[in-house]
Amino acid sequence: MSAIIDSFIAPPCHDDINILWQDEHLLLIDKPSGLLSLSGKNPQNLDSVHYRLVQMFPGCTLVHRLDFGTSGLMVVARNKAINAALCQQFSQRSVEKVYSALLCGHLENDEGVIDAPIAKDPALFPLMSICAINGKPSRSRYRVVERFYQGTGVPLTRVELTPETGRTHQLRIHCQRLGHPILGCDLYGGLDAPGAEGTPRLMLHASVLNFIHPVSGEPVNARHAAPF
């Protein structure tokens with residue numbers, strides 16, 4: 001089996017983490033695009049959501065992650081007990097997550113489901129692959145918000161994406177499978193379409209996060225509009 005070698009060095013991220021809401025148990029934040037969720041093994045990849053937040057909130061831990069290029073909503077636990085309770089909700093798939101994205105081209109259907117198993121392959125790292133034999137079940141839903149043309153006539157579709165499972169790169173590879181990669185996605189074809197090569201970031205944003213507060217038992221329905 002091939003060894004995985006991660007040579008990625010994150011460029012500096014000058015954008016701040018926006019703390020949207022907090023109490024003594026947890027934080028709701030807006031992660032900027034271009035910031036790692038967790039620090040990498042390479043010392044040049046020290047800067048991350050966790051590294052920054054632990055300076056202000058000692059003992060805080062991440063409950064889930066967003067890809068480096070993805071922006072948007074994250075919930076952060078302020079102690080281990082809260083982390084365990086929130087992780088249980090994520091593992092039971094009772095947390096609702098909805099993402100906003102811009103896809104290359106105009107989708108034919110207004111909504112649909114992408115059901116395609118995803119597998120890791122060290123030989124392709126960091127890419128994931130669709131594999132019916134070794135892949136884990138992976139399912140995403142999409143809904144078209146609008147179809148439009150950008151700039152000099154580049155066709156784009158704004159969609160809402162709802163992952164029913166939580167595989168690495170799931171939305172990115174599922175949109176590629178759909179034939180309409182996420183604009184700005186360097187790994188799965190989002191820079192290959194005419195007019196897409198200068199896109200400054202991955203056009204994927206976690207815009208909805210619904211869960212139950214582990215202490216109060218009240219629903220937390222977080223919304224944060226995409227900046228694109």
# chains A, B, ... in the order shown; residues from 1 in each chain; ligands from 1
>>> residues_around(residues="Asn221 of chain A", least_positions_apart="2", cutoff="10 Å", atoms="only C-alpha atoms", output="compact mmCIF listing (two decimals) with C-alpha atoms, in the first residue's frame")
# COMPACT_ATOMS: atom_id res chain seq x y z
CA GLU A 96 -28.69 19.16 9.17
CA VAL A 208 -27.15 26.22 7.22
CA LEU A 209 -26.34 24.26 10.38
CA ASN A 210 -29.16 22.84 12.49
CA PHE A 211 -28.58 20.86 15.69
CA ILE A 212 -29.80 20.51 19.27
CA HIS A 213 -28.00 22.48 22.00
CA GLU A 218 -33.26 23.74 22.36
CA PRO A 219 -32.91 23.66 18.56
CA ARG A 223 -28.00 30.58 8.91
>>> residues_around(residues="segment 160-174 of chain A", least_positions_apart="6", cutoff="6 Å", atoms="only C-alpha atoms", output="PDB file with C-alpha atoms, in the first residue's frame")
ATOM      1  CA  VAL A  98     -26.850  22.786   3.788  1.00  0.00           C
ATOM      2  CA  TYR A  99     -24.197  24.336   1.540  1.00  0.00           C
ATOM      3  CA  SER A 100     -24.418  27.056  -1.079  1.00  0.00           C
ATOM      4  CA  SER A 138     -22.265   8.534  -0.214  1.00  0.00           C
ATOM      5  CA  ARG A 139     -25.386  10.502  -1.025  1.00  0.00           C
ATOM      6  CA  SER A 140     -26.014  14.197  -1.692  1.00  0.00           C
ATOM      7  CA  ARG A 141     -29.098  16.172  -2.713  1.00  0.00           C
ATOM      8  CA  TYR A 142     -29.088  19.325  -4.814  1.00  0.00           C
ATOM      9  CA  ARG A 143     -31.629  22.047  -5.574  1.00  0.00           C
TER      10      ARG A 143
END
>>> closest_atom_pairs(of="segment 36-149 of chain A", to="segment 183-187 of chain A", cutoff="9 Å", atoms="only C-alpha atoms", output="tab-separated table")
residue	atom	partner	partner_atom	distance
A:Gly69	CA	A:Cys185	CA	8.4
A:Ala101	CA	A:Leu183	CA	7.9
A:Leu102	CA	A:Leu183	CA	5.7
A:Leu103	CA	A:Leu183	CA	5.3
A:Cys104	CA	A:Leu183	CA	5.6
A:Pro126	CA	A:Leu187	CA	8.2
A:Leu127	CA	A:Leu187	CA	6.7
>>> write_last_selection(atoms="all heavy atoms", output="mmCIF file, in the first residue's frame")
data_model
loop_
_atom_site.group_PDB
_atom_site.id
_atom_site.type_symbol
_atom_site.label_atom_id
_atom_site.label_comp_id
_atom_site.auth_asym_id
_atom_site.auth_seq_id
_atom_site.Cartn_x
_atom_site.Cartn_y
_atom_site.Cartn_z
ATOM 1 N N GLY A 69 -10.686 25.245 1.434
ATOM 2 C CA GLY A 69 -11.260 26.276 0.578
ATOM 3 C C GLY A 69 -12.698 26.633 0.879
ATOM 4 O O GLY A 69 -13.220 27.622 0.355
ATOM 5 N N ALA A 101 -23.438 26.770 -3.288
ATOM 6 C CA ALA A 101 -22.324 26.576 -4.214
ATOM 7 C C ALA A 101 -22.670 27.156 -5.586
ATOM 8 O O ALA A 101 -23.844 27.279 -5.954
ATOM 9 C CB ALA A 101 -21.992 25.092 -4.361
ATOM 10 N N LEU A 102 -21.622 27.518 -6.313
ATOM 11 C CA LEU A 102 -21.753 27.884 -7.713
ATOM 12 C C LEU A 102 -21.150 26.757 -8.543
ATOM 13 O O LEU A 102 -19.986 26.394 -8.346
ATOM 14 C CB LEU A 102 -21.024 29.198 -8.021
ATOM 15 C CG LEU A 102 -21.548 30.468 -7.341
ATOM 16 C CD1 LEU A 102 -20.732 31.675 -7.799
ATOM 17 C CD2 LEU A 102 -23.026 30.676 -7.641
ATOM 18 N N LEU A 103 -21.941 26.204 -9.445
ATOM 19 C CA LEU A 103 -21.478 25.109 -10.287
ATOM 20 C C LEU A 103 -21.232 25.599 -11.712
ATOM 21 O O LEU A 103 -21.927 26.497 -12.204
ATOM 22 C CB LEU A 103 -22.511 23.976 -10.321
ATOM 23 C CG LEU A 103 -22.962 23.394 -8.984
ATOM 24 C CD1 LEU A 103 -23.785 22.123 -9.221
ATOM 25 C CD2 LEU A 103 -21.800 23.104 -8.045
ATOM 26 N N CYS A 104 -20.247 25.004 -12.362
ATOM 27 C CA CYS A 104 -19.933 25.344 -13.750
ATOM 28 C C CYS A 104 -21.041 24.818 -14.669
ATOM 29 O O CYS A 104 -21.445 23.659 -14.558
ATOM 30 C CB CYS A 104 -18.592 24.729 -14.148
ATOM 31 S SG CYS A 104 -17.184 25.319 -13.186
ATOM 32 N N PRO A 126 -4.204 14.118 -2.946
ATOM 33 C CA PRO A 126 -5.332 14.185 -2.006
ATOM 34 C C PRO A 126 -6.695 13.926 -2.622
ATOM 35 O O PRO A 126 -7.711 14.149 -1.982
ATOM 36 C CB PRO A 126 -5.240 15.629 -1.517
ATOM 37 C CG PRO A 126 -4.774 16.375 -2.726
ATOM 38 C CD PRO A 126 -3.796 15.452 -3.421
ATOM 39 N N LEU A 127 -6.733 13.448 -3.875
ATOM 40 C CA LEU A 127 -8.025 13.214 -4.505
ATOM 41 C C LEU A 127 -8.721 11.985 -3.931
ATOM 42 O O LEU A 127 -8.071 11.009 -3.551
ATOM 43 C CB LEU A 127 -7.861 13.028 -6.018
ATOM 44 C CG LEU A 127 -7.822 14.301 -6.872
ATOM 45 C CD1 LEU A 127 -6.517 15.066 -6.636
ATOM 46 C CD2 LEU A 127 -7.971 13.958 -8.345
#
>>> closest_residue(among="A:Arg65, A:His14, A:Lys97, A:Arg177", to="Cys131 of chain A", atoms="only C-alpha atoms")
A:Arg177
>>> atom_distance(atom1="atom CA of Asp47 of chain A", atom2="atom CA of Ile9 of chain A")
10.8 Å
>>> residues_around(residues="Leu26 of chain A", least_positions_apart="6", cutoff="8 Å", atoms="only C-alpha atoms", output="list in words")
Val75, Val76, Ala77, Arg78 and Ile82 of chain A
>>> write_last_selection(atoms="all heavy atoms", output="compact mmCIF listing (two decimals), in the first residue's frame")
# COMPACT_ATOMS: atom_id res chain seq x y z
N VAL A 75 -19.62 24.66 14.23
CA VAL A 75 -19.87 24.70 15.67
C VAL A 75 -18.62 24.17 16.37
O VAL A 75 -18.03 23.18 15.93
CB VAL A 75 -21.13 23.88 16.06
CG1 VAL A 75 -21.02 22.43 15.65
CG2 VAL A 75 -21.40 24.00 17.56
N VAL A 76 -18.21 24.86 17.41
CA VAL A 76 -16.99 24.52 18.14
C VAL A 76 -17.35 24.30 19.60
O VAL A 76 -18.04 25.13 20.21
CB VAL A 76 -15.94 25.65 18.03
CG1 VAL A 76 -14.67 25.30 18.80
CG2 VAL A 76 -15.61 25.94 16.56
N ALA A 77 -16.91 23.18 20.17
CA ALA A 77 -17.20 22.87 21.57
C ALA A 77 -16.18 23.55 22.49
O ALA A 77 -15.00 23.62 22.16
CB ALA A 77 -17.16 21.36 21.79
N ARG A 78 -16.66 24.02 23.63
CA ARG A 78 -15.76 24.70 24.56
C ARG A 78 -15.23 23.78 25.66
O ARG A 78 -14.43 24.21 26.49
CB ARG A 78 -16.45 25.93 25.16
CG ARG A 78 -16.75 26.99 24.10
CD ARG A 78 -17.22 28.30 24.68
NE ARG A 78 -16.21 28.91 25.53
CZ ARG A 78 -16.36 30.10 26.13
NH1 ARG A 78 -17.49 30.79 25.94
NH2 ARG A 78 -15.41 30.60 26.88
N ILE A 82 -19.09 18.70 25.97
CA ILE A 82 -19.91 19.27 24.89
C ILE A 82 -19.48 18.69 23.56
O ILE A 82 -20.30 18.38 22.69
CB ILE A 82 -19.80 20.80 24.89
CG1 ILE A 82 -20.37 21.38 26.19
CG2 ILE A 82 -20.52 21.39 23.68
CD1 ILE A 82 -21.83 21.05 26.44
>>> closest_residue(among="A:His64, A:His224, A:Lys41, A:Arg147", to="Cys87 of chain A", atoms="only C-alpha atoms")
A:His64
>>> select_by_dssp(residues="segment 91-207 of chain A", states="helix (DSSP H, G or I)", output="compact mmCIF listing (two decimals) with N, CA and C atoms, in the first residue's frame")
# COMPACT_ATOMS: atom_id res chain seq x y z
N SER A 91 -22.58 11.90 14.39
CA SER A 91 -22.46 10.49 14.03
C SER A 91 -23.81 9.84 13.79
N PRO A 122 -4.50 6.09 -1.74
CA PRO A 122 -3.25 6.79 -1.46
C PRO A 122 -2.48 7.19 -2.71
N ALA A 123 -2.65 6.43 -3.79
CA ALA A 123 -1.92 6.75 -5.03
C ALA A 123 -2.43 8.03 -5.67
N LEU A 124 -3.65 8.43 -5.32
CA LEU A 124 -4.25 9.63 -5.91
C LEU A 124 -4.26 10.81 -4.95
N GLN A 170 -16.93 15.07 -0.36
CA GLN A 170 -18.16 14.50 -0.93
C GLN A 170 -18.86 15.43 -1.92
N LEU A 171 -19.11 16.65 -1.52
CA LEU A 171 -19.85 17.56 -2.40
C LEU A 171 -19.06 17.90 -3.65
N ARG A 172 -17.76 18.04 -3.49
CA ARG A 172 -16.92 18.41 -4.62
C ARG A 172 -16.88 17.30 -5.67
N ILE A 173 -16.71 16.07 -5.22
CA ILE A 173 -16.61 14.97 -6.17
C ILE A 173 -17.98 14.58 -6.72
N HIS A 174 -19.03 14.76 -5.92
CA HIS A 174 -20.38 14.47 -6.40
C HIS A 174 -20.81 15.46 -7.47
N CYS A 175 -20.42 16.73 -7.31
CA CYS A 175 -20.76 17.71 -8.35
C CYS A 175 -19.99 17.43 -9.63
N GLN A 176 -18.75 17.00 -9.50
CA GLN A 176 -17.99 16.59 -10.69
C GLN A 176 -18.69 15.41 -11.37
N ARG A 177 -19.17 14.47 -10.58
CA ARG A 177 -19.88 13.30 -11.10
C ARG A 177 -21.14 13.73 -11.85
N LEU A 178 -21.76 14.79 -11.36
CA LEU A 178 -22.97 15.33 -11.98
C LEU A 178 -22.67 15.98 -13.33
>>> residues_around(residues="Ser33 of chain A", least_positions_apart="2", cutoff="6 Å", atoms="only C-alpha atoms", output="VMD selection string")
chain A and resid 35 69 to 71
>>> residues_around(residues="segment 48-52 of chain A", least_positions_apart="6", cutoff="6 Å", atoms="only C-alpha atoms", output="compact mmCIF listing (two decimals) with C-alpha atoms, in the first residue's frame")
# COMPACT_ATOMS: atom_id res chain seq x y z
CA LEU A 35 -7.98 28.62 6.38
CA LEU A 36 -7.31 25.08 7.58
CA SER A 37 -9.73 23.68 10.15
CA LEU A 38 -6.91 21.95 12.05
CA SER A 39 -3.18 22.63 12.00
